[in-house]
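Here is the file model31.txt (compact mmCIF, N, CA and C atoms).
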```
# COMPACT_ATOMS: atom_id res chain seq x y z
N MET A 88 74.69 107.81 96.17
CA MET A 88 75.34 106.62 96.68
C MET A 88 74.79 106.31 98.07
N SER A 89 74.23 105.13 98.24
CA SER A 89 73.69 104.74 99.55
C SER A 89 74.73 103.92 100.31
N VAL A 90 74.47 103.72 101.59
CA VAL A 90 75.41 102.99 102.43
C VAL A 90 75.43 101.51 102.06
N THR A 91 74.37 101.01 101.45
CA THR A 91 74.33 99.60 101.09
C THR A 91 74.92 99.33 99.70
N ASP A 92 75.30 100.38 99.01
CA ASP A 92 75.94 100.24 97.71
C ASP A 92 77.29 99.54 97.91
N PRO A 93 77.59 98.51 97.11
CA PRO A 93 78.84 97.77 97.30
C PRO A 93 80.10 98.64 97.25
N VAL A 94 80.10 99.63 96.39
CA VAL A 94 81.27 100.51 96.29
C VAL A 94 81.42 101.33 97.58
N SER A 95 80.31 101.81 98.10
CA SER A 95 80.35 102.57 99.36
C SER A 95 80.84 101.71 100.51
N VAL A 96 80.35 100.50 100.57
CA VAL A 96 80.77 99.58 101.63
C VAL A 96 82.26 99.31 101.53
N LEU A 97 82.75 99.10 100.33
CA LEU A 97 84.18 98.84 100.13
C LEU A 97 85.02 100.04 100.53
N VAL A 98 84.60 101.24 100.13
CA VAL A 98 85.34 102.46 100.47
C VAL A 98 85.35 102.67 101.98
N LEU A 99 84.22 102.48 102.64
CA LEU A 99 84.16 102.63 104.10
C LEU A 99 85.03 101.60 104.81
N ALA A 100 85.03 100.37 104.33
CA ALA A 100 85.87 99.34 104.93
C ALA A 100 87.35 99.66 104.76
N LEU A 101 87.74 100.12 103.58
CA LEU A 101 89.13 100.50 103.34
C LEU A 101 89.54 101.67 104.22
N LEU A 102 88.67 102.68 104.34
CA LEU A 102 88.99 103.82 105.20
C LEU A 102 89.16 103.39 106.65
N GLY A 103 88.25 102.56 107.13
CA GLY A 103 88.35 102.08 108.50
C GLY A 103 89.63 101.30 108.74
N THR A 104 89.96 100.44 107.82
CA THR A 104 91.17 99.63 107.95
C THR A 104 92.41 100.50 107.94
N PHE A 105 92.51 101.41 106.98
CA PHE A 105 93.71 102.24 106.87
C PHE A 105 93.82 103.24 108.01
N LEU A 106 92.70 103.76 108.51
CA LEU A 106 92.76 104.67 109.64
C LEU A 106 93.28 103.95 110.89
N LEU A 107 92.79 102.74 111.14
CA LEU A 107 93.26 101.99 112.30
C LEU A 107 94.74 101.64 112.16
N ARG A 108 95.17 101.30 110.97
CA ARG A 108 96.60 101.01 110.76
C ARG A 108 97.45 102.27 110.95
N ALA A 109 96.96 103.40 110.49
CA ALA A 109 97.70 104.65 110.66
C ALA A 109 97.83 104.99 112.14
N PHE A 110 96.77 104.84 112.92
CA PHE A 110 96.84 105.07 114.36
C PHE A 110 97.83 104.11 115.01
N GLY A 111 97.88 102.89 114.55
CA GLY A 111 98.82 101.91 115.07
C GLY A 111 100.26 102.29 114.80
N VAL A 112 100.52 102.77 113.60
CA VAL A 112 101.89 103.18 113.24
C VAL A 112 102.31 104.39 114.07
N VAL A 113 101.42 105.35 114.23
CA VAL A 113 101.74 106.54 115.01
C VAL A 113 101.95 106.19 116.49
N GLY A 114 101.08 105.35 117.02
CA GLY A 114 101.16 105.01 118.44
C GLY A 114 102.22 103.98 118.79
N ALA A 115 102.70 103.22 117.84
CA ALA A 115 103.66 102.15 118.12
C ALA A 115 104.99 102.68 118.64
N GLY A 116 105.38 103.85 118.23
CA GLY A 116 106.64 104.41 118.68
C GLY A 116 106.63 104.78 120.14
N ARG A 117 105.47 104.99 120.72
CA ARG A 117 105.36 105.40 122.11
C ARG A 117 105.18 104.25 123.08
N LEU A 118 104.98 103.05 122.56
CA LEU A 118 104.71 101.91 123.44
C LEU A 118 106.01 101.29 123.94
N LYS A 119 105.99 100.81 125.18
CA LYS A 119 107.13 100.12 125.75
C LYS A 119 106.81 98.63 125.81
N GLU A 120 107.70 97.81 125.26
CA GLU A 120 107.43 96.38 125.17
C GLU A 120 107.44 95.68 126.53
N ASP A 121 108.09 96.26 127.51
CA ASP A 121 108.15 95.64 128.83
C ASP A 121 107.16 96.25 129.81
N SER A 122 106.18 96.98 129.30
CA SER A 122 105.20 97.61 130.18
C SER A 122 104.21 96.57 130.71
N PRO A 123 103.57 96.85 131.84
CA PRO A 123 102.58 95.93 132.39
C PRO A 123 101.44 95.63 131.41
N LEU A 124 101.06 96.60 130.60
CA LEU A 124 99.99 96.38 129.62
C LEU A 124 100.39 95.30 128.63
N PHE A 125 101.62 95.36 128.11
CA PHE A 125 102.07 94.35 127.15
C PHE A 125 102.19 92.98 127.80
N ARG A 126 102.65 92.94 129.04
CA ARG A 126 102.72 91.64 129.74
C ARG A 126 101.32 91.06 129.92
N TRP A 127 100.35 91.93 130.26
CA TRP A 127 98.98 91.47 130.44
C TRP A 127 98.41 90.96 129.11
N ILE A 128 98.67 91.68 128.03
CA ILE A 128 98.19 91.25 126.71
C ILE A 128 98.80 89.90 126.34
N GLY A 129 100.09 89.71 126.64
CA GLY A 129 100.74 88.42 126.37
C GLY A 129 100.11 87.30 127.18
N CYS A 130 99.80 87.57 128.44
CA CYS A 130 99.15 86.55 129.28
C CYS A 130 97.76 86.20 128.74
N VAL A 131 97.02 87.20 128.32
CA VAL A 131 95.69 86.95 127.77
C VAL A 131 95.79 86.14 126.48
N ALA A 132 96.76 86.46 125.64
CA ALA A 132 96.94 85.71 124.39
C ALA A 132 97.26 84.25 124.67
N PHE A 133 98.15 83.99 125.63
CA PHE A 133 98.46 82.60 125.99
C PHE A 133 97.25 81.89 126.58
N ALA A 134 96.48 82.60 127.39
CA ALA A 134 95.29 81.98 127.98
C ALA A 134 94.26 81.62 126.91
N ILE A 135 94.08 82.48 125.94
CA ILE A 135 93.15 82.18 124.85
C ILE A 135 93.63 80.98 124.05
N ALA A 136 94.93 80.94 123.74
CA ALA A 136 95.49 79.81 122.99
C ALA A 136 95.33 78.51 123.78
N ALA A 137 95.60 78.54 125.09
CA ALA A 137 95.45 77.34 125.92
C ALA A 137 93.99 76.90 125.99
N GLY A 138 93.09 77.85 126.10
CA GLY A 138 91.66 77.51 126.13
C GLY A 138 91.19 76.89 124.83
N LEU A 139 91.65 77.43 123.71
CA LEU A 139 91.27 76.86 122.42
C LEU A 139 91.85 75.46 122.24
N MET A 140 93.09 75.27 122.70
CA MET A 140 93.69 73.94 122.59
C MET A 140 92.92 72.93 123.45
N ALA A 141 92.55 73.33 124.65
CA ALA A 141 91.79 72.44 125.52
C ALA A 141 90.43 72.11 124.90
N LYS A 142 89.78 73.10 124.31
CA LYS A 142 88.49 72.85 123.66
C LYS A 142 88.64 71.89 122.49
N ILE A 143 89.68 72.09 121.69
CA ILE A 143 89.89 71.20 120.54
C ILE A 143 90.21 69.79 121.00
N LEU A 144 90.96 69.66 122.09
CA LEU A 144 91.33 68.33 122.59
C LEU A 144 90.15 67.59 123.21
N PHE A 145 89.42 68.27 124.08
CA PHE A 145 88.41 67.59 124.88
C PHE A 145 86.98 67.74 124.39
N ILE A 146 86.69 68.77 123.59
CA ILE A 146 85.34 68.96 123.04
C ILE A 146 85.47 69.27 121.56
N PRO A 147 85.99 68.34 120.77
CA PRO A 147 86.21 68.64 119.35
C PRO A 147 84.90 68.67 118.56
N SER A 148 84.98 69.29 117.41
CA SER A 148 83.82 69.31 116.51
C SER A 148 84.29 68.90 115.12
N GLY A 149 83.33 68.56 114.29
CA GLY A 149 83.66 68.17 112.92
C GLY A 149 84.35 66.83 112.84
N ALA A 150 85.26 66.71 111.90
CA ALA A 150 85.95 65.44 111.66
C ALA A 150 86.81 65.03 112.85
N LEU A 151 87.35 65.99 113.60
CA LEU A 151 88.20 65.67 114.74
C LEU A 151 87.41 64.97 115.85
N ALA A 152 86.11 65.19 115.89
CA ALA A 152 85.28 64.53 116.90
C ALA A 152 85.23 63.02 116.70
N GLU A 153 85.52 62.56 115.49
CA GLU A 153 85.50 61.12 115.22
C GLU A 153 86.77 60.43 115.70
N ALA A 154 87.83 61.18 115.95
CA ALA A 154 89.09 60.60 116.43
C ALA A 154 88.99 60.33 117.93
N ALA A 155 89.61 59.26 118.36
CA ALA A 155 89.60 58.91 119.78
C ALA A 155 90.41 59.93 120.58
N ILE A 156 90.04 60.11 121.83
CA ILE A 156 90.78 61.04 122.68
C ILE A 156 92.21 60.58 122.88
N SER A 157 92.44 59.27 122.87
CA SER A 157 93.81 58.78 123.01
C SER A 157 94.68 59.22 121.84
N SER A 158 94.12 59.29 120.66
CA SER A 158 94.86 59.77 119.48
C SER A 158 95.22 61.24 119.64
N ARG A 159 94.25 62.03 120.08
CA ARG A 159 94.49 63.46 120.24
C ARG A 159 95.51 63.73 121.33
N LEU A 160 95.35 63.09 122.49
CA LEU A 160 96.28 63.30 123.60
C LEU A 160 97.67 62.74 123.28
N GLY A 161 97.73 61.62 122.57
CA GLY A 161 99.02 61.06 122.17
C GLY A 161 99.77 61.99 121.25
N GLY A 162 99.08 62.59 120.31
CA GLY A 162 99.71 63.54 119.40
C GLY A 162 100.25 64.76 120.14
N VAL A 163 99.48 65.26 121.09
CA VAL A 163 99.93 66.42 121.88
C VAL A 163 101.14 66.04 122.73
N ALA A 164 101.09 64.85 123.35
CA ALA A 164 102.20 64.41 124.20
C ALA A 164 103.49 64.27 123.39
N ILE A 165 103.41 63.65 122.23
CA ILE A 165 104.60 63.50 121.39
C ILE A 165 105.10 64.86 120.90
N GLY A 166 104.18 65.73 120.51
CA GLY A 166 104.57 67.06 120.07
C GLY A 166 105.28 67.85 121.17
N LEU A 167 104.75 67.80 122.39
CA LEU A 167 105.40 68.49 123.50
C LEU A 167 106.75 67.88 123.83
N LEU A 168 106.84 66.57 123.79
CA LEU A 168 108.11 65.89 124.05
C LEU A 168 109.18 66.34 123.06
N ILE A 169 108.84 66.34 121.79
CA ILE A 169 109.79 66.76 120.76
C ILE A 169 110.14 68.24 120.93
N PHE A 170 109.17 69.04 121.28
CA PHE A 170 109.40 70.47 121.47
C PHE A 170 110.47 70.72 122.54
N PHE A 171 110.35 70.04 123.67
CA PHE A 171 111.29 70.29 124.76
C PHE A 171 112.61 69.54 124.59
N VAL A 172 112.60 68.37 123.99
CA VAL A 172 113.84 67.60 123.83
C VAL A 172 114.74 68.22 122.76
N PHE A 173 114.18 68.70 121.69
CA PHE A 173 114.97 69.19 120.57
C PHE A 173 115.09 70.72 120.52
N GLY A 174 115.12 71.35 121.68
CA GLY A 174 115.43 72.78 121.72
C GLY A 174 114.34 73.71 121.27
N ARG A 175 113.11 73.40 121.59
CA ARG A 175 111.97 74.30 121.31
C ARG A 175 111.81 74.63 119.84
N ARG A 176 111.93 73.64 119.01
CA ARG A 176 111.73 73.82 117.57
C ARG A 176 110.27 73.52 117.24
N ILE A 177 109.55 74.58 116.95
CA ILE A 177 108.10 74.48 116.81
C ILE A 177 107.68 73.65 115.59
N LEU A 178 108.39 73.79 114.47
CA LEU A 178 108.00 73.03 113.28
C LEU A 178 108.24 71.54 113.47
N TRP A 179 109.34 71.17 114.12
CA TRP A 179 109.60 69.76 114.38
C TRP A 179 108.53 69.18 115.30
N SER A 180 108.18 69.93 116.34
CA SER A 180 107.18 69.42 117.28
C SER A 180 105.81 69.35 116.63
N LEU A 181 105.49 70.31 115.79
CA LEU A 181 104.21 70.28 115.09
C LEU A 181 104.13 69.08 114.16
N GLY A 182 105.20 68.85 113.39
CA GLY A 182 105.23 67.70 112.48
C GLY A 182 105.17 66.38 113.23
N ALA A 183 105.92 66.28 114.33
CA ALA A 183 105.93 65.04 115.10
C ALA A 183 104.58 64.79 115.75
N GLY A 184 103.98 65.83 116.31
CA GLY A 184 102.67 65.67 116.94
C GLY A 184 101.59 65.29 115.96
N LEU A 185 101.58 65.94 114.81
CA LEU A 185 100.60 65.61 113.78
C LEU A 185 100.80 64.19 113.27
N SER A 186 102.06 63.83 113.03
CA SER A 186 102.35 62.47 112.56
C SER A 186 101.94 61.43 113.59
N ALA A 187 102.24 61.70 114.85
CA ALA A 187 101.87 60.77 115.92
C ALA A 187 100.35 60.64 116.00
N PHE A 188 99.66 61.76 115.92
CA PHE A 188 98.19 61.71 115.96
C PHE A 188 97.65 60.84 114.83
N LEU A 189 98.14 61.07 113.63
CA LEU A 189 97.65 60.30 112.48
C LEU A 189 97.97 58.82 112.62
N LEU A 190 99.20 58.50 113.02
CA LEU A 190 99.58 57.09 113.16
C LEU A 190 98.78 56.39 114.26
N ILE A 191 98.64 57.07 115.40
CA ILE A 191 97.86 56.47 116.49
C ILE A 191 96.41 56.26 116.05
N ASP A 192 95.85 57.26 115.38
CA ASP A 192 94.45 57.14 114.96
C ASP A 192 94.27 56.06 113.90
N ILE A 193 95.17 55.96 112.95
CA ILE A 193 95.05 54.95 111.88
C ILE A 193 95.22 53.56 112.44
N PHE A 194 96.29 53.36 113.25
CA PHE A 194 96.57 52.03 113.74
C PHE A 194 95.65 51.57 114.86
N SER A 195 95.03 52.52 115.59
CA SER A 195 94.11 52.10 116.65
C SER A 195 92.84 51.49 116.06
N VAL A 196 92.50 51.87 114.84
CA VAL A 196 91.31 51.30 114.19
C VAL A 196 91.58 49.85 113.76
N HIS A 197 92.82 49.57 113.36
CA HIS A 197 93.14 48.26 112.82
C HIS A 197 93.64 47.26 113.86
N LEU A 198 93.89 47.72 115.08
CA LEU A 198 94.35 46.81 116.13
C LEU A 198 93.17 46.12 116.79
N PRO A 199 93.37 44.93 117.34
CA PRO A 199 92.28 44.26 118.08
C PRO A 199 91.86 45.14 119.26
N GLY A 200 90.58 45.32 119.41
CA GLY A 200 90.07 46.14 120.50
C GLY A 200 90.07 47.62 120.18
N GLY A 201 90.50 48.00 118.98
CA GLY A 201 90.53 49.41 118.59
C GLY A 201 89.16 49.92 118.24
N ALA A 202 89.08 51.19 117.93
CA ALA A 202 87.80 51.80 117.57
C ALA A 202 87.26 51.18 116.29
N ALA A 203 85.97 51.12 116.18
CA ALA A 203 85.35 50.51 115.00
C ALA A 203 85.26 51.47 113.85
```
Whole structure given in structure tokens:
Amino acid sequence: MSVTDPVSVLVLALLGTFLLRAFGVVGAGRLKEDSPLFRWIGCVAFAIAAGLMAKILFIPSGALAEAAISSRLGGVAIGLLIFFVFGRRILWSLGAGLSAFLLIDIFSVHLPGGAA
């Protein structure tokens, strides 16, 4: 059995995955959720999410690049407004933001002076 054999690759991948999960289960009991390390990890996670959102908004790729920036920013603004007004309900804000983005993008094409 060589390392490039599909069965060997699958077995090695499964072993690696299960070993890492086992270490996580063993080590999870010793971690403190309010430790500085966890706070730092939370800050890094939020920073990555904010960076990705900024990239998607201001430097989009694919089909989103065809939408006007006003459509993208309008959807985010409506989503944030709904999020804070209605008690931080993420699904409501996501639905409202997506709906607003779609409506702004669709109707901006059909209005006088809208995108071609």
Q) In Å to one decimal, how far is atom N of Gly162 (chain A) from CA of Ser180 (chain A)? A)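 Between CA of Ser180 (chain A) and atom N of Gly162 (chain A) the gap works out to 11.0 Å.
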Q) So how far away is atom N of Ile177 (chain A) from CA of Trp127 (chain A), in Å? A)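 It comes out at 24.1 Å.
Atom N of Phe133 (chain A) is found 24.4 Å from atom N of Val113 (chain A).
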Q | Residue among A:Val112, A:Ile165, A:Ser95, A:Val196 lying closest to Gly184 (chain A), counting only C-alpha atoms | A | A:Ile165
Q: Please report, as a count of residues only, each residue of chain A to which DSSP assigns helix (DSSP H, G or I) when run on this structure's backbone.
A: 89
Q) What lies within 8 Å of Leu181 (chain A) using only N, CA and C atoms, ignoring chain neighbours under 4 positions off, as a PyMOL selection string? A) chain A and resi 165-167+169-170+176-177+185-187
Q | Selected residue of minimal separation from Met140 (chain A) among A:Val163, A:Ala154, A:Ile128, A:Ile191, counting only C-alpha atoms | A | A:Val163
